[in-house]
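**Q** Right, I'll just put the structure down here and ask away after.
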Amino acid sequence: MTLTITGLSKFYGSFQALKEVDLEIGDDEFVCLLGPSGCGKTTLLRVVAGLEGYQSGTLRFGDRDLSTIGAQDRGFGIVFQSYSLFPHLTVRQNVGYGLKIRKTAPAEIARQVEHLLKTVHLEDYADRYPWQLSGGQQQRVAIARALAVEPSLLLLDEPLSALDARVRAELRGEIRDMQRRLRVPTIMVTHDQEEALTMADRVVCMNAGRIEQIGSPEEIYSRPATRFVADFVGSSTLLTAEQAARLGVEGAAAAGSRLFALRPEDVTIRLDEQGPGRIRNVTFLGNVNRVKVGIEGLELLAETGRLPGLVEGAAAAVEILPGAGVWVQP
Amino acid sequence: MTAVPAVTHGVRVPGSERLFRQVVLWVPLAGIALFFLYPLAIIVVRSLTQRDGSIGFGNYTEFLSLGYLWTVIGNSLVMSGITAALCVGLGLVMAYAMSRTRMPLKWLVSLALALPLLAPSLVQALGLIFMFGRNGLISKFTGIELQVYGLPGLVMANTIYALPQAVMILMVALRQADRRQYDAALMLGASPWRRFMDVTLPGLRFGLLSAAFVCFSVTITDFGNAAVIGGGYPVLASEIYSQVVGQMNFNMGAVVGILLLIPTLLAFYLEKIAAQRHTMAGEGALPVEPNRWWPRDVPLWGFSYLGTAFIVAVMGIVVYASFVQLWPYNLGFTLKNYNINLQGGYASLWTTIYAALITAVLGTLMLFAIVLAERNLSRTKAKLLYLLAIVPVGVPGLVLGLSYVLSFNTRAMFPGILYGTILLIALCNFYHYHSQGFLTMITGMRNVPRPLEETVASLGGGVGAQLRDAVVPVMMPTLVSVFFFLFMRGMVTLSAVIFLITSKLSVAAVTVLRLDQTGRSTQAAAFSVIIMVIVLAAMGVMRAALWWQARRARMVAAGG
């Protein structure tokens with residue numbers, strides 16, 4: 001079934017947290033809401049869950065209008081950053097909780113719980129209590145609990161943010177696999193662009209209560225539509241039309257007020273004593289170096305591998321790859 | 001700017017839950033209105049009702065023009081002023097020793113400090129009389145007769161009574177300090193004394209002020225010690241009693257009641273400010289580790305142990321006296337003091353237990369309801385509710401009790417029907433301690449994670465399931481604490497219920513007072529011991545319940 005959001009607005013008092021949001025989420029699609037804190041992504045998720053209301057617009061799931069259906073009756077599953085397991089219940093009881101609320105027969109609950117625990121690789125932990133598990137294990141239980149009621153939509157509110165880097169990377173893959181297997185439409189909120197880009201079928205980039213851009217991870221990264229997206233997802237050098245013209249970028253004359261966003265990996269540098277560029281700053285990132293290079297009175301971000309003699313003040317030739325960069329809305 | 005649409009969609013709350021939310025909000029609010037705001041309004045009206053029935057400040061001018069009443073006011077101010085100064089001084093010493101030094105036997109000191117809170121606020125005076133009075137142990141063994149009745153005795157008794165509260169406030173204030181401030185001062189070359197003057201004291205400003213005002217107001221409104229050891233030194237608390245019970249001059253009593261509101265409201269206001277300062281400074285502070293430094297520790301510990309010994313002696317002598325044949329002439333052991341056949345015997349004890357149980361059950365339910373309601377209110381409304389719930393702490397028990405007499409001792413079918421019932425005593429106790437219970441409850445509620453309730457909701461659980469599975473399991477220790485807090489206060493409180501006593505209905509603390517006033521001081525001691533034992537037992541049960549709860553989770557875990 002499809003979740004259809006049209007013209008949705010939400011206010012807290014006179015503060016507008018969501019501004020005319022339009023979004024459609026199809027069958028078995030994995031959508032990430034990406035944006036900085038306070039951009040409204042969690043609010044949007046909570047509105048979809050039925051934990052918060054909205055003032056205008058429509059919210060439909062399949063042919064059901066959700067405006068009169070409360071959280072209890074929507075049949076969606078939700079997973080929070082804080083795990084939020086019942087501290088007094090075992091793993092087994094936590095996972096079976098939703099089924100118990102639905103008055104499922106105990107034997108059936110046991111069967112389903114067993115199956116889900118296998119899915120999240122926790123079959124040996126069924127009788128433990130939440131505090132005896134690591135953060136990653138707790139979050140797996142929370143996911144299993146949300147999946148147990150066979151939700152028609154799965155909502156994940158920054159589920160990986162509280163975990164350490166290794167576990168996070170591991171769970172990313174697991175969640176994605178699980179979602180593909182169960183074919184349950186999923187919305188995940190995150191402020192981590194890497195997470196969004198690696199996991200999502202589509203990324204919804206949000207800023208100040210508005211959707212800035214919707215697209216596949218590839219689109220979002222290589223063809224950002226607005227200055228915000230270009231800046232927030234990955235890094236870019238943003239140039240005005242006049243500045244871009246100085247570097248000989250095509251289309252600068254017709255750009256108007258648009259900005260030219262240039263990814264660092266599209267700018268290559270070569271150390272050259274006669275070169276017009278000057279290395280201003282080098283940041284070592286492990287596999288590559290992020291370099292700030294001054295040229296034509298501008299400062300560009302560039303990326304390069306290991307280069308002997310790459311130090312501040314060195315002269316360099318700078319080349320922008322052909323076809324690189326996009327014009328974005330300011 | 002777009003206009004804000006008024007209608008909210010998408011959060012349909014089931015009818016049963018809506019009803020539940022209304023009930024948990026309006027029932028406690030109705031309780032506060034009927035059993036706190038209404039009596040308080042009545043006392044204001046009565047203080048303004050003049051002899052001829054007209055409204056005006058006649059009672060006030062009449063009262064203030066009575067020469068001897070100025071003496072009473074002066075007495076009260078002097079007594080509570082000295083007491084507050086003593087409590088803050090001693091309290092600072094003990095709080096500092098407990099939280100900043102490695103004093104041995106800290107547990108003993110804190111136990112001793114808990115003792116005065118376990119008994120009605122007249123047992124301190126009783127103990128002092130057994131020790132220093134005309135028939136006291138001191139005069140018997142040394143021949144020196146101290147004049148303990150009056151100001152000195154009153155100050156000592158009330159200091160013992162209020163000291164634990166001062167120590168608690170100051171310990172909390174000391175805990176808020178940030179170690180990094182001390183480290184910074186140390187690195188700048190400040191001596192220990194300078195660090196105390198420049199870091200510790202400024203940080204304690206509000207704590208000291210608040211402790212002083214709390215001690216001042218609890219002692220100026222305390223009735224029990226004044227009645228037992230006040231002697232020929234009349235204070236406002238005893239005056240209000242004689243105006244109302246002695247001379248049936250209700251309107252004048254109301255005037256004294258209003259006057260007694262002033263210091264308590266001031267203390268309440270200061271405490272609120274202090275609390276705000278704390279929350280501003282306390283976030284992310286590193287606790288200061290206790291350390292050792294002999295020149296400071298030896299005198300601090302000396303004073304703390306001395307204070308502890310004194311409290312233990314005064315409370316202990318009451319226990320001792322309760323087992324004595326004929327104080328102080330025949331110190332042989334006997335149990336006959338416990339055979340109380342005057343003043344209604346133990347009937348009042350059962351009444352008190354019954355009333356305290358009602359207070360605890362009803363109070364826990366009401367307070368739980370009100371914090372549940374608070375959670376679903378908008379910010380402004382929640383703030384208003386919060387304020388309403390903590391205002392009762394600004395009204396001393398004596399004034400609340402008086403306001404109950406004025407409001408409920410009427411001919412009218414309702415609310416007059418409540419007068420002379422155990423229920424009214426229980427209600428009076430509950431609203432007397434409403435604020436403290438509420439604060440504990442709301443702190444507990446803040447620990448209930450919202451996502452847990454939201455999880456239940458999105459899994460299809462209604463309000464019942466949310467309460468059962470998300471709220472109550474987390475709140476259990478808080479509910480237990482509030483229940484026993486209300487029960488224990490209900491067992492020992494005197495000043496609030498002294499006015500609600502009728503010829504047929506009395507409470508334990510009043511029986512102790514009457515026994516003492518009729519010269520049966522060893523029986524009064526015995527009765528006090530029984531009260532203390534019950535309160536101690538309640539405390540033990542509470543500890544056990546909390547311990548058992550904490551352990552159960554661990555046990556199941558170890559087994560699984």
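Residues are named by chain letter and number: chains run A, B, ... in the order of the structure tokens, numbers start at 1 in each chain, and ligands are numbered from 1 in the order shown.
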Distance table requested - chain A against chain B, cut-off 6 Å, only C-alpha atoms: one row per qualifying residue with the closest atom pair and its distance in Å to one decimal, ordered by chain and rising residue number, as a Markdown table.

**A**
```
| residue | atom | partner | partner_atom | distance |
| --- | --- | --- | --- | --- |
| A:Gly50 | CA | B:Val11 | CA | 5.5 |
| A:Gly53 | CA | B:Gly10 | CA | 4.8 |
| A:Tyr54 | CA | B:Thr8 | CA | 5.2 |
| A:Gln55 | CA | B:Thr8 | CA | 4.5 |
| A:Leu66 | CA | B:Gly10 | CA | 6.0 |
| A:Ser67 | CA | B:Gly10 | CA | 3.9 |
| A:Thr68 | CA | B:Gly10 | CA | 5.5 |
| A:Ile69 | CA | B:Arg12 | CA | 5.7 |
| A:Gly70 | CA | B:Arg12 | CA | 4.4 |
| A:Ala71 | CA | B:Ser458 | CA | 5.2 |
| A:Gln72 | CA | B:Gly460 | CA | 4.0 |
| A:Ser84 | CA | B:Leu452 | CA | 5.1 |
| A:Gly98 | CA | B:Leu459 | CA | 5.0 |
| A:Ile101 | CA | B:Gly461 | CA | 6.0 |
```

**Q** List the spatial neighbours of range 210-227 of chain A as a PDB file with all heavy atoms, in the first residue's frame - criterion: any atom at most 8 Å away, only C-alpha atoms, same-chain residues fewer than 4 positions off excluded.

**A**
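Output file result_32.pdb is given in full below:
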```pdb
ATOM      1  N   LEU A  18       6.144  21.884  10.152  1.00  0.00           N
ATOM      2  CA  LEU A  18       6.126  21.242   8.833  1.00  0.00           C
ATOM      3  C   LEU A  18       5.399  22.168   7.867  1.00  0.00           C
ATOM      4  O   LEU A  18       4.314  22.666   8.174  1.00  0.00           O
ATOM      5  CB  LEU A  18       5.409  19.891   8.889  1.00  0.00           C
ATOM      6  CG  LEU A  18       6.100  18.787   9.688  1.00  0.00           C
ATOM      7  CD1 LEU A  18       5.209  17.557   9.766  1.00  0.00           C
ATOM      8  CD2 LEU A  18       7.447  18.429   9.068  1.00  0.00           C
ATOM      9  N   LYS A  19       6.011  22.394   6.714  1.00  0.00           N
ATOM     10  CA  LYS A  19       5.443  23.360   5.776  1.00  0.00           C
ATOM     11  C   LYS A  19       5.034  22.677   4.485  1.00  0.00           C
ATOM     12  O   LYS A  19       5.877  22.370   3.646  1.00  0.00           O
ATOM     13  CB  LYS A  19       6.466  24.457   5.487  1.00  0.00           C
ATOM     14  CG  LYS A  19       6.838  25.249   6.729  1.00  0.00           C
ATOM     15  CD  LYS A  19       7.975  26.207   6.471  1.00  0.00           C
ATOM     16  CE  LYS A  19       8.387  26.894   7.769  1.00  0.00           C
ATOM     17  NZ  LYS A  19       9.697  27.512   7.679  1.00  0.00           N
ATOM     18  N   GLU A  20       3.739  22.433   4.333  1.00  0.00           N
ATOM     19  CA  GLU A  20       3.190  21.933   3.072  1.00  0.00           C
ATOM     20  C   GLU A  20       4.002  20.760   2.524  1.00  0.00           C
ATOM     21  O   GLU A  20       4.513  20.823   1.412  1.00  0.00           O
ATOM     22  CB  GLU A  20       3.191  23.058   2.032  1.00  0.00           C
ATOM     23  CG  GLU A  20       2.607  24.352   2.547  1.00  0.00           C
ATOM     24  CD  GLU A  20       1.217  24.598   2.009  1.00  0.00           C
ATOM     25  OE1 GLU A  20       0.993  24.305   0.824  1.00  0.00           O
ATOM     26  OE2 GLU A  20       0.355  25.062   2.776  1.00  0.00           O
ATOM     27  N   VAL A  21       4.118  19.732   3.293  1.00  0.00           N
ATOM     28  CA  VAL A  21       4.945  18.598   2.883  1.00  0.00           C
ATOM     29  C   VAL A  21       4.163  17.695   1.932  1.00  0.00           C
ATOM     30  O   VAL A  21       3.021  17.326   2.208  1.00  0.00           O
ATOM     31  CB  VAL A  21       5.395  17.802   4.125  1.00  0.00           C
ATOM     32  CG1 VAL A  21       6.034  16.482   3.705  1.00  0.00           C
ATOM     33  CG2 VAL A  21       6.368  18.629   4.948  1.00  0.00           C
ATOM     34  N   ASP A  22       4.757  17.371   0.783  1.00  0.00           N
ATOM     35  CA  ASP A  22       4.186  16.409  -0.156  1.00  0.00           C
ATOM     36  C   ASP A  22       5.148  15.242  -0.261  1.00  0.00           C
ATOM     37  O   ASP A  22       6.328  15.445  -0.529  1.00  0.00           O
ATOM     38  CB  ASP A  22       4.033  17.032  -1.552  1.00  0.00           C
ATOM     39  CG  ASP A  22       3.003  18.139  -1.554  1.00  0.00           C
ATOM     40  OD1 ASP A  22       1.878  17.875  -1.109  1.00  0.00           O
ATOM     41  OD2 ASP A  22       3.348  19.262  -1.973  1.00  0.00           O
ATOM     42  N   CYS A  39      14.915  20.067  11.735  1.00  0.00           N
ATOM     43  CA  CYS A  39      14.415  20.307  10.386  1.00  0.00           C
ATOM     44  C   CYS A  39      12.998  19.785  10.210  1.00  0.00           C
ATOM     45  O   CYS A  39      12.368  20.033   9.191  1.00  0.00           O
ATOM     46  CB  CYS A  39      15.334  19.676   9.348  1.00  0.00           C
ATOM     47  SG  CYS A  39      15.198  17.881   9.301  1.00  0.00           S
ATOM     48  N   GLY A  40      12.481  19.040  11.199  1.00  0.00           N
ATOM     49  CA  GLY A  40      11.107  18.557  11.116  1.00  0.00           C
ATOM     50  C   GLY A  40      11.003  17.096  10.711  1.00  0.00           C
ATOM     51  O   GLY A  40       9.903  16.563  10.593  1.00  0.00           O
ATOM     52  N   ALA A 196      21.907   7.471   5.306  1.00  0.00           N
ATOM     53  CA  ALA A 196      20.821   7.663   4.345  1.00  0.00           C
ATOM     54  C   ALA A 196      21.238   7.191   2.962  1.00  0.00           C
ATOM     55  O   ALA A 196      20.485   6.494   2.274  1.00  0.00           O
ATOM     56  CB  ALA A 196      20.424   9.142   4.312  1.00  0.00           C
ATOM     57  N   LEU A 197      22.439   7.549   2.550  1.00  0.00           N
ATOM     58  CA  LEU A 197      22.873   7.220   1.192  1.00  0.00           C
ATOM     59  C   LEU A 197      23.061   5.718   1.003  1.00  0.00           C
ATOM     60  O   LEU A 197      22.771   5.173  -0.049  1.00  0.00           O
ATOM     61  CB  LEU A 197      24.176   7.954   0.856  1.00  0.00           C
ATOM     62  CG  LEU A 197      24.066   9.482   0.810  1.00  0.00           C
ATOM     63  CD1 LEU A 197      25.409  10.103   0.467  1.00  0.00           C
ATOM     64  CD2 LEU A 197      23.010   9.934  -0.186  1.00  0.00           C
ATOM     65  N   THR A 198      23.550   5.034   2.070  1.00  0.00           N
ATOM     66  CA  THR A 198      23.815   3.602   1.896  1.00  0.00           C
ATOM     67  C   THR A 198      22.558   2.758   2.026  1.00  0.00           C
ATOM     68  O   THR A 198      22.482   1.674   1.468  1.00  0.00           O
ATOM     69  CB  THR A 198      24.838   3.088   2.917  1.00  0.00           C
ATOM     70  OG1 THR A 198      24.416   3.496   4.208  1.00  0.00           O
ATOM     71  CG2 THR A 198      26.220   3.627   2.649  1.00  0.00           C
ATOM     72  N   ALA A 200      18.978   3.859   1.787  1.00  0.00           N
ATOM     73  CA  ALA A 200      17.663   4.208   1.247  1.00  0.00           C
ATOM     74  C   ALA A 200      17.494   3.878  -0.230  1.00  0.00           C
ATOM     75  O   ALA A 200      18.452   3.857  -0.993  1.00  0.00           O
ATOM     76  CB  ALA A 200      17.419   5.699   1.461  1.00  0.00           C
ATOM     77  N   ASP A 201      16.231   3.577  -0.597  1.00  0.00           N
ATOM     78  CA  ASP A 201      15.882   3.584  -2.012  1.00  0.00           C
ATOM     79  C   ASP A 201      15.744   5.036  -2.460  1.00  0.00           C
ATOM     80  O   ASP A 201      16.161   5.406  -3.538  1.00  0.00           O
ATOM     81  CB  ASP A 201      14.531   2.891  -2.238  1.00  0.00           C
ATOM     82  CG  ASP A 201      14.614   1.416  -1.911  1.00  0.00           C
ATOM     83  OD1 ASP A 201      15.623   0.795  -2.287  1.00  0.00           O
ATOM     84  OD2 ASP A 201      13.684   0.894  -1.264  1.00  0.00           O
ATOM     85  N   ARG A 202      15.113   5.805  -1.604  1.00  0.00           N
ATOM     86  CA  ARG A 202      14.957   7.220  -1.886  1.00  0.00           C
ATOM     87  C   ARG A 202      15.290   8.023  -0.636  1.00  0.00           C
ATOM     88  O   ARG A 202      14.959   7.619   0.482  1.00  0.00           O
ATOM     89  CB  ARG A 202      13.520   7.524  -2.322  1.00  0.00           C
ATOM     90  CG  ARG A 202      13.311   7.335  -3.827  1.00  0.00           C
ATOM     91  CD  ARG A 202      12.062   8.030  -4.276  1.00  0.00           C
ATOM     92  NE  ARG A 202      10.905   7.576  -3.512  1.00  0.00           N
ATOM     93  CZ  ARG A 202       9.805   8.314  -3.347  1.00  0.00           C
ATOM     94  NH1 ARG A 202       9.734   9.513  -3.883  1.00  0.00           N
ATOM     95  NH2 ARG A 202       8.801   7.852  -2.647  1.00  0.00           N
ATOM     96  N   VAL A 203      15.901   9.168  -0.840  1.00  0.00           N
ATOM     97  CA  VAL A 203      16.250  10.045   0.272  1.00  0.00           C
ATOM     98  C   VAL A 203      15.390  11.294   0.181  1.00  0.00           C
ATOM     99  O   VAL A 203      15.241  11.873  -0.897  1.00  0.00           O
ATOM    100  CB  VAL A 203      17.744  10.441   0.213  1.00  0.00           C
ATOM    101  CG1 VAL A 203      18.078  11.430   1.320  1.00  0.00           C
ATOM    102  CG2 VAL A 203      18.623   9.205   0.329  1.00  0.00           C
ATOM    103  N   VAL A 204      14.801  11.668   1.321  1.00  0.00           N
ATOM    104  CA  VAL A 204      14.025  12.903   1.384  1.00  0.00           C
ATOM    105  C   VAL A 204      14.838  13.881   2.213  1.00  0.00           C
ATOM    106  O   VAL A 204      15.032  13.688   3.408  1.00  0.00           O
ATOM    107  CB  VAL A 204      12.657  12.666   2.049  1.00  0.00           C
ATOM    108  CG1 VAL A 204      11.898  13.973   2.186  1.00  0.00           C
ATOM    109  CG2 VAL A 204      11.861  11.649   1.249  1.00  0.00           C
ATOM    110  N   CYS A 205      15.330  14.921   1.559  1.00  0.00           N
ATOM    111  CA  CYS A 205      16.199  15.858   2.253  1.00  0.00           C
ATOM    112  C   CYS A 205      15.355  17.002   2.785  1.00  0.00           C
ATOM    113  O   CYS A 205      14.649  17.664   2.018  1.00  0.00           O
ATOM    114  CB  CYS A 205      17.248  16.368   1.263  1.00  0.00           C
ATOM    115  SG  CYS A 205      18.785  16.700   2.055  1.00  0.00           S
ATOM    116  N   MET A 206      15.404  17.231   4.103  1.00  0.00           N
ATOM    117  CA  MET A 206      14.531  18.245   4.705  1.00  0.00           C
ATOM    118  C   MET A 206      15.329  19.354   5.362  1.00  0.00           C
ATOM    119  O   MET A 206      16.424  19.143   5.864  1.00  0.00           O
ATOM    120  CB  MET A 206      13.621  17.594   5.759  1.00  0.00           C
ATOM    121  CG  MET A 206      12.584  16.673   5.177  1.00  0.00           C
ATOM    122  SD  MET A 206      11.483  16.042   6.448  1.00  0.00           S
ATOM    123  CE  MET A 206      10.556  17.507   6.889  1.00  0.00           C
ATOM    124  N   ASP A 231      25.252  21.378   0.226  1.00  0.00           N
ATOM    125  CA  ASP A 231      26.085  21.655   1.388  1.00  0.00           C
ATOM    126  C   ASP A 231      25.965  20.574   2.451  1.00  0.00           C
ATOM    127  O   ASP A 231      26.934  20.194   3.082  1.00  0.00           O
ATOM    128  CB  ASP A 231      25.627  23.001   1.981  1.00  0.00           C
ATOM    129  CG  ASP A 231      26.811  23.776   2.492  1.00  0.00           C
ATOM    130  OD1 ASP A 231      27.927  23.540   2.001  1.00  0.00           O
ATOM    131  OD2 ASP A 231      26.613  24.614   3.391  1.00  0.00           O
ATOM    132  N   VAL A 233      24.687  17.338   2.164  1.00  0.00           N
ATOM    133  CA  VAL A 233      25.067  15.984   1.753  1.00  0.00           C
ATOM    134  C   VAL A 233      26.436  16.050   1.088  1.00  0.00           C
ATOM    135  O   VAL A 233      26.582  16.622   0.023  1.00  0.00           O
ATOM    136  CB  VAL A 233      24.025  15.395   0.780  1.00  0.00           C
ATOM    137  CG1 VAL A 233      24.402  13.977   0.407  1.00  0.00           C
ATOM    138  CG2 VAL A 233      22.637  15.437   1.395  1.00  0.00           C
ATOM    139  N   GLY A 234      27.432  15.499   1.718  1.00  0.00           N
ATOM    140  CA  GLY A 234      28.794  15.609   1.203  1.00  0.00           C
ATOM    141  C   GLY A 234      29.279  17.040   1.355  1.00  0.00           C
ATOM    142  O   GLY A 234      28.629  17.850   2.008  1.00  0.00           O
ATOM    143  N   LEU A 238      30.745  26.169  -3.157  1.00  0.00           N
ATOM    144  CA  LEU A 238      29.623  26.873  -3.790  1.00  0.00           C
ATOM    145  C   LEU A 238      30.132  28.186  -4.373  1.00  0.00           C
ATOM    146  O   LEU A 238      30.730  28.996  -3.676  1.00  0.00           O
ATOM    147  CB  LEU A 238      28.512  27.113  -2.763  1.00  0.00           C
ATOM    148  CG  LEU A 238      27.746  25.856  -2.359  1.00  0.00           C
ATOM    149  CD1 LEU A 238      27.050  26.047  -1.033  1.00  0.00           C
ATOM    150  CD2 LEU A 238      26.748  25.473  -3.447  1.00  0.00           C
ATOM    151  N   LEU A 259      23.633  28.972  -7.917  1.00  0.00           N
ATOM    152  CA  LEU A 259      25.007  28.781  -7.465  1.00  0.00           C
ATOM    153  C   LEU A 259      25.583  27.534  -8.126  1.00  0.00           C
ATOM    154  O   LEU A 259      24.848  26.591  -8.456  1.00  0.00           O
ATOM    155  CB  LEU A 259      25.061  28.611  -5.951  1.00  0.00           C
ATOM    156  CG  LEU A 259      24.598  29.802  -5.119  1.00  0.00           C
ATOM    157  CD1 LEU A 259      24.519  29.404  -3.659  1.00  0.00           C
ATOM    158  CD2 LEU A 259      25.558  30.969  -5.301  1.00  0.00           C
ATOM    159  N   ALA A 261      27.678  24.297  -7.667  1.00  0.00           N
ATOM    160  CA  ALA A 261      28.171  23.421  -6.604  1.00  0.00           C
ATOM    161  C   ALA A 261      29.169  22.431  -7.176  1.00  0.00           C
ATOM    162  O   ALA A 261      28.856  21.711  -8.133  1.00  0.00           O
ATOM    163  CB  ALA A 261      27.009  22.663  -5.967  1.00  0.00           C
ATOM    164  N   VAL A 326      27.136  21.109 -10.558  1.00  0.00           N
ATOM    165  CA  VAL A 326      25.744  21.377 -10.963  1.00  0.00           C
ATOM    166  C   VAL A 326      25.348  22.764 -10.493  1.00  0.00           C
ATOM    167  O   VAL A 326      25.912  23.312  -9.539  1.00  0.00           O
ATOM    168  CB  VAL A 326      24.759  20.362 -10.340  1.00  0.00           C
ATOM    169  CG1 VAL A 326      24.856  19.025 -11.023  1.00  0.00           C
ATOM    170  CG2 VAL A 326      24.965  20.253  -8.843  1.00  0.00           C
ATOM    171  N   TRP A 327      24.377  23.334 -11.205  1.00  0.00           N
ATOM    172  CA  TRP A 327      23.809  24.611 -10.777  1.00  0.00           C
ATOM    173  C   TRP A 327      22.668  24.336  -9.819  1.00  0.00           C
ATOM    174  O   TRP A 327      21.789  23.541 -10.104  1.00  0.00           O
ATOM    175  CB  TRP A 327      23.320  25.403 -11.992  1.00  0.00           C
ATOM    176  CG  TRP A 327      24.467  25.885 -12.837  1.00  0.00           C
ATOM    177  CD1 TRP A 327      24.955  25.304 -13.954  1.00  0.00           C
ATOM    178  CD2 TRP A 327      25.256  27.036 -12.581  1.00  0.00           C
ATOM    179  NE1 TRP A 327      26.024  26.012 -14.444  1.00  0.00           N
ATOM    180  CE2 TRP A 327      26.229  27.090 -13.606  1.00  0.00           C
ATOM    181  CE3 TRP A 327      25.263  28.027 -11.584  1.00  0.00           C
ATOM    182  CZ2 TRP A 327      27.194  28.098 -13.669  1.00  0.00           C
ATOM    183  CZ3 TRP A 327      26.206  29.026 -11.653  1.00  0.00           C
ATOM    184  CH2 TRP A 327      27.170  29.060 -12.690  1.00  0.00           C
ATOM    185  N   VAL A 328      22.694  24.964  -8.649  1.00  0.00           N
ATOM    186  CA  VAL A 328      21.648  24.713  -7.651  1.00  0.00           C
ATOM    187  C   VAL A 328      20.935  26.009  -7.288  1.00  0.00           C
ATOM    188  O   VAL A 328      21.476  27.099  -7.475  1.00  0.00           O
ATOM    189  CB  VAL A 328      22.231  24.086  -6.370  1.00  0.00           C
ATOM    190  CG1 VAL A 328      22.902  22.759  -6.694  1.00  0.00           C
ATOM    191  CG2 VAL A 328      23.224  25.041  -5.698  1.00  0.00           C
ATOM    192  N   GLN A 329      19.716  25.848  -6.768  1.00  0.00           N
ATOM    193  CA  GLN A 329      18.962  27.015  -6.292  1.00  0.00           C
ATOM    194  C   GLN A 329      19.653  27.567  -5.045  1.00  0.00           C
ATOM    195  O   GLN A 329      20.099  26.795  -4.206  1.00  0.00           O
ATOM    196  CB  GLN A 329      17.529  26.610  -5.926  1.00  0.00           C
ATOM    197  CG  GLN A 329      16.693  26.120  -7.090  1.00  0.00           C
ATOM    198  CD  GLN A 329      16.498  27.184  -8.148  1.00  0.00           C
ATOM    199  OE1 GLN A 329      16.492  28.372  -7.852  1.00  0.00           O
ATOM    200  NE2 GLN A 329      16.383  26.756  -9.409  1.00  0.00           N
ATOM    201  N   PRO A 330      19.753  28.861  -4.937  1.00  0.00           N
ATOM    202  CA  PRO A 330      20.446  29.425  -3.777  1.00  0.00           C
ATOM    203  C   PRO A 330      19.675  29.146  -2.486  1.00  0.00           C
ATOM    204  O   PRO A 330      18.475  28.999  -2.540  1.00  0.00           O
ATOM    205  CB  PRO A 330      20.492  30.918  -4.053  1.00  0.00           C
ATOM    206  CG  PRO A 330      19.383  31.165  -4.994  1.00  0.00           C
ATOM    207  CD  PRO A 330      19.222  29.903  -5.825  1.00  0.00           C
TER     208      PRO A 330
END
```

**Q** Hey, which of B:Gln147, B:Ser110, B:Thr71, B:Asn291 ends up closest to Val312 in chain B? Count only C-alpha atoms.

**A** B:Ser110

**Q** Give me the residues within 8 Å of range 381-395 of chain B as a PyMOL selection string, counting only C-alpha atoms and dropping any in the same chain fewer than 6 places off.

**A** chain B and resi 32+36+261+264-265+267-268+374-375+431-436+438-439

**Q** Convert the current residue selection to file output with N, CA and C atoms, as a short mmCIF file (atom, residue, chain, number, x, y, z; two decimals), in the first residue's frame.

**A**
```cif
data_model
loop_
_atom_site.label_atom_id
_atom_site.label_comp_id
_atom_site.auth_asym_id
_atom_site.auth_seq_id
_atom_site.Cartn_x
_atom_site.Cartn_y
_atom_site.Cartn_z
N ILE B 32 -8.18 19.60 45.32
CA ILE B 32 -7.42 20.79 45.73
C ILE B 32 -8.36 21.97 45.96
N PHE B 36 -8.39 22.49 49.80
CA PHE B 36 -7.27 23.40 50.05
C PHE B 36 -7.66 24.85 49.77
N LEU B 261 1.05 32.87 57.78
CA LEU B 261 1.29 32.52 56.38
C LEU B 261 2.52 33.24 55.84
N THR B 264 6.05 31.53 55.99
CA THR B 264 6.07 30.29 55.22
C THR B 264 6.03 30.58 53.73
N LEU B 265 5.19 31.53 53.34
CA LEU B 265 5.12 31.86 51.92
C LEU B 265 6.46 32.42 51.44
N ALA B 267 9.38 31.67 52.70
CA ALA B 267 10.30 30.54 52.59
C ALA B 267 10.06 29.77 51.31
N PHE B 268 8.79 29.57 51.00
CA PHE B 268 8.38 28.85 49.80
C PHE B 268 8.91 29.55 48.56
N GLU B 374 -0.72 15.84 34.22
CA GLU B 374 0.26 16.88 33.90
C GLU B 374 1.00 16.55 32.62
N ARG B 375 1.25 15.26 32.40
CA ARG B 375 2.01 14.82 31.24
C ARG B 375 1.31 15.15 29.93
N TYR B 431 -3.47 17.08 52.22
CA TYR B 431 -3.21 18.38 51.59
C TYR B 431 -2.08 19.13 52.30
N HIS B 432 -1.88 18.81 53.58
CA HIS B 432 -0.74 19.38 54.30
C HIS B 432 0.57 18.96 53.64
N TYR B 433 0.66 17.69 53.24
CA TYR B 433 1.91 17.17 52.66
C TYR B 433 1.81 16.96 51.15
N HIS B 434 0.80 17.58 50.56
CA HIS B 434 0.54 17.44 49.12
C HIS B 434 1.79 17.75 48.30
N SER B 435 2.43 18.88 48.60
CA SER B 435 3.52 19.37 47.75
C SER B 435 4.71 18.41 47.73
N GLN B 436 5.12 17.95 48.92
CA GLN B 436 6.29 17.07 48.96
C GLN B 436 6.01 15.79 48.20
N PHE B 438 3.87 15.40 45.81
CA PHE B 438 3.76 15.74 44.39
C PHE B 438 5.14 15.84 43.75
N LEU B 439 6.07 16.50 44.44
CA LEU B 439 7.41 16.68 43.88
C LEU B 439 8.10 15.34 43.67
#
```
